[in-house]
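Participant: Below you'll find the structure I mean.
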There are 2 protein chains.
Amino acid sequence: MSKKNRLTYLPLGGAGEIGMNCYVYGYGPKGRERFIIVDLGVTFPDMDTTPGVDLILPDIAWIEERKDRLDAIFITHAHEDHIGAIGHLWGRLGAPIFARAFTAHIARLKFEEHGLDELAIRTVDAWPETVAAGPFSVGFVPVSHSIPESSALVIDAPAGRIVHTGDFKLDETPGVGEPFDPALWAEIARPGVKALVCDSTNVFSPHPGRSEASVGPAIAELVANAPGMVVATTFASNIARVRTLAEAGRAAGRSVVLLGRAMRRMITAGVEVGILTDFPPTISPESATQIPRENLMLLSTGSQGERRAATAQLSRGKYLGLTLKEGDLFLFSSKTIPGNEKSVGRIVNAFSEMGVDVVDDHTDKYHVSGHANRPDLARMHQILKPQFLVPMHGEHRHLREHVKLGAESGLHGVIAPNGVMLDLSGNRPEVAEYVETGRTYLDGRVQIGALDGVVRDRIRMALNGHVIVTLIVENDEPLGDAWCEIMGLPETGLSRAPLVEVLEQDATQFLMRADRKTLKDDDRLEEAIRRLVRKSAQNEIGKKPEVTVVISRLTG
Amino acid sequence: MSKKNRLTYLPLGGAGEIGMNCYVYGYGPKGRERFIIVDLGVTFPDMDTTPGVDLILPDIAWIEERKDRLDAIFITHAHEDHIGAIGHLWGRLGAPIFARAFTAHIARLKFEEHGLDELAIRTVDAWPETVAAGPFSVGFVPVSHSIPESSALVIDAPAGRIVHTGDFKLDETPGVGEPFDPALWAEIARPGVKALVCDSTNVFSPHPGRSEASVGPAIAELVANAPGMVVATTFASNIARVRTLAEAGRAAGRSVVLLGRAMRRMITAGVEVGILTDFPPTISPESATQIPRENLMLLSTGSQGERRAATAQLSRGKYLGLTLKEGDLFLFSSKTIPGNEKSVGRIVNAFSEMGVDVVDDHTDKYHVSGHANRPDLARMHQILKPQFLVPMHGEHRHLREHVKLGAESGLHGVIAPNGVMLDLSGNRPEVAEYVETGRTYLDGRVQIGALDGVVRDRIRMALNGHVIVTLIVENDEPLGDAWCEIMGLPETGLSRAPLVEVLEQDATQFLMRADRKTLKDDDRLEEAIRRLVRKSAQNEIGKKPEVTVVISRLTG
């Protein structure tokens, strides 16, 4: 076994997708490296690919097998796609979790919900404070994003310095948190940066990103001129934005109301941690019903159209006694994440039917992104001048474009999607290993593998419907007719006879003629009946359903 | 019964949604009106709301009940959301279908597929030719859109003139078809327009629309500079665009290949109808494999990520022997329709993994919309100066915004979503009636109602999984244990025992203790077992599945 130390990077999630961030760094001789994890996030299911699933977690089997060599877990910020899996997966890893105060606060709330030991969560101050974790020294450098206390990590190993940006943008007036400080970054770059592991989300956005401060005046004007009630939605964790919205309400003489659990929870967290000292006073939804609507400013959860959030409930008619009507204004101070267009659209149309004026993201006036755009990424490249660029947090097309962007200023970039372990020790990053990675589904209270076939069967039932055929066989002879039940299939087909009757007749006819060899053998009988029923359904309704055959054997 | 003639407008589809256009106009005394239909389109299913469904058709029950008074069906253009239902629904209506040559050609192909009588389809020349249909006189006025021979309809009734725009844009250099002619429109407006029934799709697009001619030079430059193979996708029916792409290929010395059935079919239709006289020569995909890749320009179907189209097949590796590789270029000369982002994204990422450069719609350089933008709509309002504005072809938010836009130039607009019948006879449009409307699903070869519960059951199985419980009851006593099968559920739950065993034990225990009254009554027994199994599953896996209980009764 080689004794040569190597510095490795392995994405288990987040590289080849936007969401579910989870990166492993290693240092030491092959097979004896010490490890740290950066972020342990989730991604969200959808009806197309993961119906019925509650949450999608990274498959951490690889690092779990090596958990005796795992020294620490670092969380860059408190967005679900970076922190969301800690409650579900920490029990299988056990290493201490390091984060800044706001992030650690959210982490503790999650641990509390899961009945885990909160002592595992350690609060760290910002850079220049560092944490020693095995061979690594790790510091949290404040960056701007759309949640408080987001951080890039400076990861120092004997083989060199890595800057892992986390999610970031360059904002000199971020509202909450530290402004972008080029001098600080220049100082971090001074000893030389081996690898810049860099957010790629907005690499296709050609213009420099705008500051959080730029939306304030537009929002204030909109709210001031609104004749009726104003409701605004944004991500609750975007505390700077929530405060901007609340202040616009206060400036217009409106009482501010927080709607939705996440909204109250995040604002409370900000106050408890001490980063939110000047949030306007709020009143309860109950008191709000006593106030004239033109004096109200509601801030509600559910900017992505989430069915159970306050916004969706308002669009269906009522939330905690509050209703919208003709002349009210609803503001989406948010961007619709690709894939959520239809659910957001349903809400906008429901408000439109009520006569509510909806201001959504087709203008850019009331929202700015939390990610660095293309020119901002280029600026970060130039400040840090890394030996290599490793794009992360992006689909493959983003990673690829980010490598191209780096090449424009002479950087050597490398695409390493989930499961590709890079050796960063040498002069050029090399692929050290291909690791099997994947996704784990949280389904109800059970974790299932993405390839277990459970979700595949659900999708098949949804596309094809389900026929259940029940047979009773006594002493290898059919007892009575076959019995069919259908779910998710039309009651009648082309012949106009009930579909179940057609299927039962065909199955029974088959049974009566079946030879003893088939009748004796469950597998053979099942397979024959399945084929027959699928064919019979194909003739009758033009589609082949899923078929479950239940054979009950009686021995007389 | 009133003898007063009235002029009515009733959307059965397309008003309150984008797609599935179907509008009914009536004239005559209430209960004795004569009718015409404008457009008979479809919309497309999705996994969220309509899993397994093949196509969504308007519910035409209302007009079917009055088909003895239906004089004609007019089709404005050959896009599926205007023409797609004729093959499926014409048999229930039976009135002659009128369309311009290209549209009629496509209509005949559909009739042929469905074995319907093509004589029902009548080709009409453009305005000033008109068709007399009962009390109506209808003319096809050429408009620009993204398919040849799109038309607005001038519908003259004794109560006044209606202009029904169909889908349109204002384009003075459309490539294929007649340029926008303000003088012609002014002439149509001269006698006075009672109602402008107007496309609303792009009412939120603030800038004037760009001409089809504007994309040509950009595409030509892109193709000329591409080092490897070039593949471009767009809607096959956008013949002007397909020709622009093909010409860019020819200009760059490349052989042009059409990939996908729709691509060949549309180009053939254009040639047969005589509107496409100068399409560059094409070669077959088989010959293309013999030509150096830098000399090829492929035009492929599937710009919306459709799984079985040529583009998706190329992204999965191979289509008719053709493969893409590092250095090739793939151009989306199209806009991704909301809801298709994820399927298009999958394709872009697959190409990215191959090293192919993908140019997609995040720039506007290589695509223009086929719909009139906000200022173009305003221009149309001003030219036609209608007595009322009736926005159509839009979600509720579009209709609402379009009424607002009309109000800016003093027009009286009215929102009439699907099922709202307007009486246009008076000085102000009035709601005459609310008609029950809806959607019909084509599922395999069967038409089912949207509210039949079939699709609801599929969605439930997809979200919750399905448990089948089989019981045998002999002389009102359980015979043996309950038997469970699961589909779409995890094999083991929190107790680590197989889920089916846990459910079977619980169900069997219940059976053994059940009173005779329950055992005698199928409904009661079924309901009790269903509840028990759902509760048992909730404890074990944290979710409540769908449960089908099959009771076989033996009498000894």
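How things are named: the first chain in the structure tokens is A, the next is B, and so on; residues count from 1 in each chain; ligands count from 1 in the order shown.
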So that I can see what lies close to segment 546-556 of chain B, please list as a PyMOL selection string the residues with an atom at most 9 Å from it, counting only C-alpha atoms and leaving out residues fewer than 2 positions away in the same chain.

Facilitator: (chain A and resi 468+470+472+483-485+487) or (chain B and resi 457+460-461+464-476+479+522+525-527+529-531+533-534+544)

Participant: Set out as JSON lines a contact list for chain B and chain A with a cut-off of 6 Å, giving each residue of chain B that qualifies its closest atom pair and distance in Å to one decimal, counting only C-alpha atoms, ordered by chain and rising residue number.

Facilitator:
{"residue": "B:Met47", "atom": "CA", "partner": "A:Asp48", "partner_atom": "CA", "distance": 5.4}
{"residue": "B:Asp48", "atom": "CA", "partner": "A:Met47", "partner_atom": "CA", "distance": 5.4}
{"residue": "B:Pro51", "atom": "CA", "partner": "A:Leu463", "partner_atom": "CA", "distance": 5.3}
{"residue": "B:Gly52", "atom": "CA", "partner": "A:Leu463", "partner_atom": "CA", "distance": 3.7}
{"residue": "B:Asn349", "atom": "CA", "partner": "A:Arg397", "partner_atom": "CA", "distance": 5.2}
{"residue": "B:Ser352", "atom": "CA", "partner": "A:Arg397", "partner_atom": "CA", "distance": 5.3}
{"residue": "B:His396", "atom": "CA", "partner": "A:Asn349", "partner_atom": "CA", "distance": 5.3}
{"residue": "B:Arg397", "atom": "CA", "partner": "A:Asn349", "partner_atom": "CA", "distance": 5.2}
{"residue": "B:Gly444", "atom": "CA", "partner": "A:Gly542", "partner_atom": "CA", "distance": 4.4}
{"residue": "B:Arg445", "atom": "CA", "partner": "A:Gly542", "partner_atom": "CA", "distance": 4.8}
{"residue": "B:Val446", "atom": "CA", "partner": "A:Ile541", "partner_atom": "CA", "distance": 5.7}
{"residue": "B:Val454", "atom": "CA", "partner": "A:Gly488", "partner_atom": "CA", "distance": 4.5}
{"residue": "B:Val455", "atom": "CA", "partner": "A:Gly488", "partner_atom": "CA", "distance": 5.9}
{"residue": "B:Asp457", "atom": "CA", "partner": "A:Gly488", "partner_atom": "CA", "distance": 4.9}
{"residue": "B:Arg458", "atom": "CA", "partner": "A:Ala462", "partner_atom": "CA", "distance": 4.5}
{"residue": "B:Ile459", "atom": "CA", "partner": "A:Ala462", "partner_atom": "CA", "distance": 5.9}
{"residue": "B:Ala462", "atom": "CA", "partner": "A:Arg458", "partner_atom": "CA", "distance": 4.5}
{"residue": "B:Leu463", "atom": "CA", "partner": "A:Gly52", "partner_atom": "CA", "distance": 3.7}
{"residue": "B:Asn464", "atom": "CA", "partner": "A:Gly52", "partner_atom": "CA", "distance": 5.9}
{"residue": "B:Gly488", "atom": "CA", "partner": "A:Val454", "partner_atom": "CA", "distance": 4.5}
{"residue": "B:Leu489", "atom": "CA", "partner": "A:Val454", "partner_atom": "CA", "distance": 5.5}
{"residue": "B:Ile541", "atom": "CA", "partner": "A:Arg445", "partner_atom": "CA", "distance": 5.4}
{"residue": "B:Gly542", "atom": "CA", "partner": "A:Gly444", "partner_atom": "CA", "distance": 4.4}
{"residue": "B:Lys543", "atom": "CA", "partner": "A:Gly444", "partner_atom": "CA", "distance": 5.1}

Participant: Filtering to C-alpha atoms, could you give me those residues as a compact mmCIF listing (two decimals), in the first residue's frame?

Facilitator:
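Written file, result_9.txt:
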# COMPACT_ATOMS: atom_id res chain seq x y z
CA MET B 47 -47.60 13.01 -14.54
CA ASP B 48 -48.76 15.42 -11.83
CA PRO B 51 -50.66 10.05 -15.29
CA GLY B 52 -51.13 7.43 -17.97
CA ASN B 349 -27.30 17.38 -19.53
CA SER B 352 -23.25 17.94 -22.01
CA HIS B 396 -57.06 33.26 -16.15
CA ARG B 397 -54.14 35.55 -15.34
CA GLY B 444 -55.37 4.01 -24.45
CA ARG B 445 -58.31 3.70 -26.83
CA VAL B 446 -61.02 4.71 -24.37
CA VAL B 454 -59.87 6.64 -12.75
CA VAL B 455 -56.97 9.07 -12.77
CA ASP B 457 -57.05 6.30 -8.22
CA ARG B 458 -53.84 6.16 -10.25
CA ILE B 459 -52.47 9.21 -8.47
CA ALA B 462 -48.54 6.45 -7.08
CA LEU B 463 -48.46 8.47 -3.88
CA ASN B 464 -49.44 5.82 -1.38
CA GLY B 488 -45.06 0.25 -4.63
CA LEU B 489 -44.28 -0.14 -0.93
CA ILE B 541 -43.81 2.52 7.45
CA GLY B 542 -45.36 5.90 8.24
CA LYS B 543 -47.79 6.01 5.35

Participant: Measure the distance from atom CA of Gly160 of chain A to atom CA of Ser144 of chain A in Å and round it to one decimal.

Facilitator: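 So the answer is 25.1 Å.
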
Participant: Calculate how many Å separate atom CA of Thr244 of chain A from atom CA of Phe102 of chain A, rounding to one decimal.

Facilitator: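 Between atom CA of Thr244 of chain A and atom CA of Phe102 of chain A the gap works out to 19.1 Å.
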
Participant: Rounded to one decimal place, report the atom CA of Leu296 of chain A-atom CA of Arg265 of chain A distance in Å.

Facilitator: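 It comes out at 20.8 Å.
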